[in-house]
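Data block for data04.txt (compact mmCIF, C-alpha atoms):
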# COMPACT_ATOMS: atom_id res chain seq x y z
CA MET A 1 127.08 45.84 150.40
CA ALA A 2 125.65 46.74 147.00
CA LYS A 3 128.66 45.28 145.20
CA LYS A 4 128.24 42.04 147.14
CA ARG A 5 124.59 41.82 146.11
CA ILE A 6 125.44 42.44 142.48
CA GLY A 7 128.24 39.87 142.60
CA PHE A 8 126.00 37.32 144.30
CA GLY A 9 123.27 37.89 141.72
CA ILE A 10 125.72 37.36 138.86
CA PHE A 11 127.07 34.21 140.51
CA LEU A 12 123.53 32.91 140.99
CA ILE A 13 122.63 33.52 137.34
CA LEU A 14 125.77 31.67 136.23
CA PHE A 15 124.92 28.80 138.57
CA CYS A 16 121.35 28.66 137.24
CA THR A 17 122.60 28.64 133.66
CA ILE A 18 124.98 25.74 134.30
CA ALA A 19 122.39 23.80 136.31
CA TYR A 20 119.75 24.38 133.61
CA ILE A 21 122.09 22.97 130.98
CA MET A 22 122.74 19.98 133.24
CA THR A 23 118.99 19.22 133.41
CA TYR A 24 119.20 17.94 129.84
CA SER A 25 121.13 14.94 131.18
CA ILE A 26 118.21 13.85 133.39
CA PRO A 27 116.80 10.59 131.96
CA GLN A 28 113.35 10.81 130.38
CA ARG A 29 110.57 8.33 131.10
CA VAL A 30 108.28 7.54 128.20
CA GLN A 31 105.12 7.06 130.29
CA MET A 32 105.13 10.50 131.90
CA GLU A 33 103.42 13.54 130.44
CA VAL A 34 105.91 15.85 132.14
CA SER A 35 109.58 14.92 132.14
CA ALA A 36 111.61 14.61 135.32
CA ALA A 37 113.58 17.69 134.27
CA PHE A 38 110.49 19.92 134.22
CA PHE A 39 110.37 20.91 137.89
CA PRO A 40 114.13 21.55 138.26
CA ARG A 41 113.95 23.79 135.19
CA VAL A 42 111.02 25.74 136.64
CA VAL A 43 112.87 26.19 139.94
CA LEU A 44 116.05 27.29 138.16
CA ILE A 45 114.17 29.82 136.04
CA ALA A 46 112.48 31.22 139.17
CA LEU A 47 115.86 31.38 140.91
CA ALA A 48 117.40 33.19 137.93
CA VAL A 49 114.55 35.73 137.96
CA SER A 50 115.12 36.23 141.69
CA ALA A 51 118.83 36.70 141.04
CA LEU A 52 118.00 39.32 138.44
CA LEU A 53 115.88 41.15 141.02
CA VAL A 54 118.80 40.98 143.48
CA ILE A 55 121.09 42.53 140.85
CA ILE A 56 118.58 45.31 140.13
CA GLY A 57 118.22 46.01 143.87
CA GLY A 58 122.01 46.03 144.21
CA LEU A 59 122.36 48.50 141.35
CA LYS A 60 119.78 50.81 142.93
CA GLU A 61 121.55 50.56 146.28
CA TYR A 62 124.91 51.24 144.61
CA ARG A 63 123.54 54.44 143.05
CA LEU A 64 122.25 55.57 146.43
CA GLU A 65 125.62 54.86 148.01
CA LYS A 66 127.32 56.97 145.37
CA VAL A 67 124.96 59.88 145.96
CA GLN A 68 125.10 59.71 149.72
CA ILE A 69 128.69 59.16 150.72
CA LYS A 70 128.42 57.56 154.08
CA LYS A 71 130.74 55.76 156.39
CA GLU A 72 130.02 52.11 156.71
CA GLU A 73 130.74 50.27 159.86
CA LYS A 74 132.50 47.11 158.93
CA GLY A 75 131.63 44.11 161.04
CA GLU A 76 134.15 41.41 161.59
CA PHE A 77 134.07 38.50 159.21
CA HIS A 78 133.54 35.15 160.87
CA TYR A 79 135.85 32.70 159.13
CA LYS A 80 134.95 29.97 161.60
CA LEU A 81 131.29 30.22 160.56
CA LEU A 82 132.26 30.05 156.89
CA VAL A 83 134.43 26.97 157.40
CA LEU A 84 131.75 25.21 159.46
CA SER A 85 129.13 25.98 156.80
CA LEU A 86 131.39 24.60 154.07
CA ILE A 87 132.02 21.45 156.13
CA ASN A 88 128.25 21.12 156.62
CA CYS A 89 127.67 21.41 152.85
CA LEU A 90 130.42 18.91 152.10
CA GLY A 91 129.02 16.46 154.64
CA TYR A 92 125.56 16.86 153.11
CA GLY A 93 126.88 16.05 149.66
CA ILE A 94 128.79 13.00 150.89
CA LEU A 95 126.04 11.57 153.12
CA LEU A 96 123.04 12.26 150.86
CA LYS A 97 123.18 9.02 148.89
CA PRO A 98 124.03 6.58 151.72
CA LEU A 99 121.68 8.03 154.36
CA GLY A 100 118.87 9.32 152.14
CA PHE A 101 117.25 12.65 151.43
CA VAL A 102 114.96 13.06 154.44
CA PHE A 103 117.50 12.33 157.18
CA THR A 104 120.48 14.10 155.58
CA SER A 105 118.51 17.19 154.55
CA SER A 106 116.91 17.50 157.98
CA VAL A 107 120.27 17.29 159.75
CA PHE A 108 121.82 19.73 157.25
CA LEU A 109 119.08 22.32 157.76
CA ILE A 110 119.13 21.97 161.55
CA LEU A 111 122.91 22.43 161.67
CA GLN A 112 122.89 25.33 159.22
CA MET A 113 120.13 27.15 161.11
CA TRP A 114 122.03 26.57 164.34
CA LEU A 115 125.19 28.03 162.77
CA MET A 116 123.40 31.06 161.36
CA THR A 117 121.45 31.97 164.50
CA ALA A 118 123.42 34.38 166.66
CA ASP A 119 121.70 33.92 170.01
CA ILE A 120 120.25 30.43 170.01
CA THR A 121 117.87 29.46 172.76
CA LYS A 122 116.22 26.12 173.40
CA LYS A 123 112.92 27.49 172.06
CA ILE A 124 114.52 28.72 168.82
CA PHE A 125 116.41 25.45 168.38
CA ILE A 126 113.23 23.39 168.80
CA ARG A 127 111.34 25.67 166.39
CA ASN A 128 114.12 25.39 163.80
CA THR A 129 114.23 21.60 164.20
CA ILE A 130 110.48 21.26 163.69
CA LEU A 131 110.59 23.64 160.72
CA SER A 132 113.49 21.77 159.11
CA ILE A 133 111.88 18.36 159.42
CA THR A 134 108.50 19.65 158.23
CA VAL A 135 109.95 21.33 155.14
CA VAL A 136 112.04 18.30 154.19
CA VAL A 137 109.15 15.86 154.59
CA ALA A 138 106.84 18.18 152.62
CA LEU A 139 109.39 18.40 149.79
CA TYR A 140 109.84 14.63 149.82
CA VAL A 141 106.09 14.04 149.59
CA LEU A 142 105.74 16.68 146.86
CA PHE A 143 108.50 15.22 144.71
CA THR A 144 107.57 11.56 145.15
CA THR A 145 103.77 11.75 144.95
CA VAL A 146 103.07 14.78 142.77
CA PHE A 147 106.06 14.98 140.42
CA TYR A 148 107.02 11.27 140.56
CA VAL A 149 110.68 12.20 140.95
CA PRO A 150 112.55 9.68 143.10
CA LEU A 151 114.79 11.23 145.73
CA PRO A 152 117.83 9.48 147.22
Represent the structure from my file as C-alpha cells, please.
Amino acid sequence: MAKKRIGFGIFLILFCTIAYIMTYSIPQRVQMEVSAAFFPRVVLIALAVSALLVIIGGLKEYRLEKVQIKKEEKGEFHYKLLVLSLINCLGYGILLKPLGFVFTSSVFLILQMWLMTADITKKIFIRNTILSITVVVALYVLFTTVFYVPLP
C-alpha cells in the first residue's frame, strides 16, 4: 500500500506541474485585478503540497512495513468498477461543454459516489445526491460571482 501511495503522490505532482504550465494559456482580461489563471494556480499548488504530504506519509509507512514484516491480505481488484469509473470520466469530459457545468458535474458526482459506495441504501443515495448538487452549485456560484471565471 505504501508503494501505491508514493506512486500516486508522484503522479499527482507530475499532473499538477503539467496543469500549472497549461494555466499560462488561459486568456487574460485587462480589466481584472486578478487574472483568470490565479485560482487554478492556487488550487494546483495546494494539490501539489497535498501530494507531497501523501508521498511523505507513504515513505513513513514503507519504512514501517520494512521493519514489521507482516502478511497483507490482498483484496480482489474490481476491474468492473475501474472500467465504469473511466466511462463516467469520459462521459463527463464529452458532455461538459454541450450540457453545461452544473448538470454534468452533478450527474458525474452522483454516479461516481454510487459506484464507490459498497452498500448503497436509499438514504445514502439521497444524501450523496444532495451533497453533489450542493457542492456543484456552490462551486458554480463561487467561480462566477467571486472569481468572475465563466464555467461551461
For Ile55 in chain A, which residue out of A:Leu81, A:Ile6, A:Ile13, A:Val43 is the nearest one, using all atoms listed in the file?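 Nearest candidate to Ile55 in chain A out of A:Leu81, A:Ile6, A:Ile13, A:Val43: A:Ile6.
Considering the residues A:Thr144, A:Asn128, A:Ser35, A:Ser50 and counting all atoms listed in the file, Leu111 in chain A has its shortest atom-to-atom contact with A:Asn128.
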Please provide the set of residues having any atom within 9 Å of Met1 in chain A, restricted to only C-alpha atoms, with same-chain residues fewer than 3 positions apart removed, written as a ChimeraX atom specification. /A:4-6,58,61-62
Å distance separating CA of Arg29 in chain A from CA of Leu95 in chain A, one decimal place: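 One can read the CA of Arg29 in chain A to CA of Leu95 in chain A distance as 27.1 Å.
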My list of candidates is A:Phe125, A:Ile110, A:Leu151, A:Leu64. Which is closest to Lys97 in chain A when distances are computed with all atoms listed in the file? A:Leu151
Tell me, as number ranges by chain, which residues lie within 12 Å of His78 in chain A, counting all atoms listed in the file; anything in the same chain fewer than 5 positions away does not count. A: 83-85, 115-116, 118
Would you mind exporting C-alpha atoms of the selected residues as a PDB file, keeping the file's coordinate frame?
ATOM      1  CA  VAL A  83     134.430  26.970 157.400  1.00  0.00           C
ATOM      2  CA  LEU A  84     131.750  25.210 159.460  1.00  0.00           C
ATOM      3  CA  SER A  85     129.130  25.980 156.800  1.00  0.00           C
ATOM      4  CA  LEU A 115     125.190  28.030 162.770  1.00  0.00           C
ATOM      5  CA  MET A 116     123.400  31.060 161.360  1.00  0.00           C
ATOM      6  CA  ALA A 118     123.420  34.380 166.660  1.00  0.00           C
TER       7      ALA A 118
END
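Around the coordinate (110.6, 13.2, 134.3), residues that reach within 8 Å when counting only C-alpha atoms are Ile26, Pro27, Gln28, Arg29, Met32, Val34, Ser35, Ala36, Ala37, Phe38, Phe147, Tyr148 and Val149 of chain A.
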Restricting the output to C-alpha atoms, write the selected residues as a compact mmCIF listing (two decimals), keeping the file's coordinate frame.
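Below is the file that was written, again_7.txt:
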# COMPACT_ATOMS: atom_id res chain seq x y z
CA ILE A 26 118.21 13.85 133.39
CA PRO A 27 116.80 10.59 131.96
CA GLN A 28 113.35 10.81 130.38
CA ARG A 29 110.57 8.33 131.10
CA MET A 32 105.13 10.50 131.90
CA VAL A 34 105.91 15.85 132.14
CA SER A 35 109.58 14.92 132.14
CA ALA A 36 111.61 14.61 135.32
CA ALA A 37 113.58 17.69 134.27
CA PHE A 38 110.49 19.92 134.22
CA PHE A 147 106.06 14.98 140.42
CA TYR A 148 107.02 11.27 140.56
CA VAL A 149 110.68 12.20 140.95
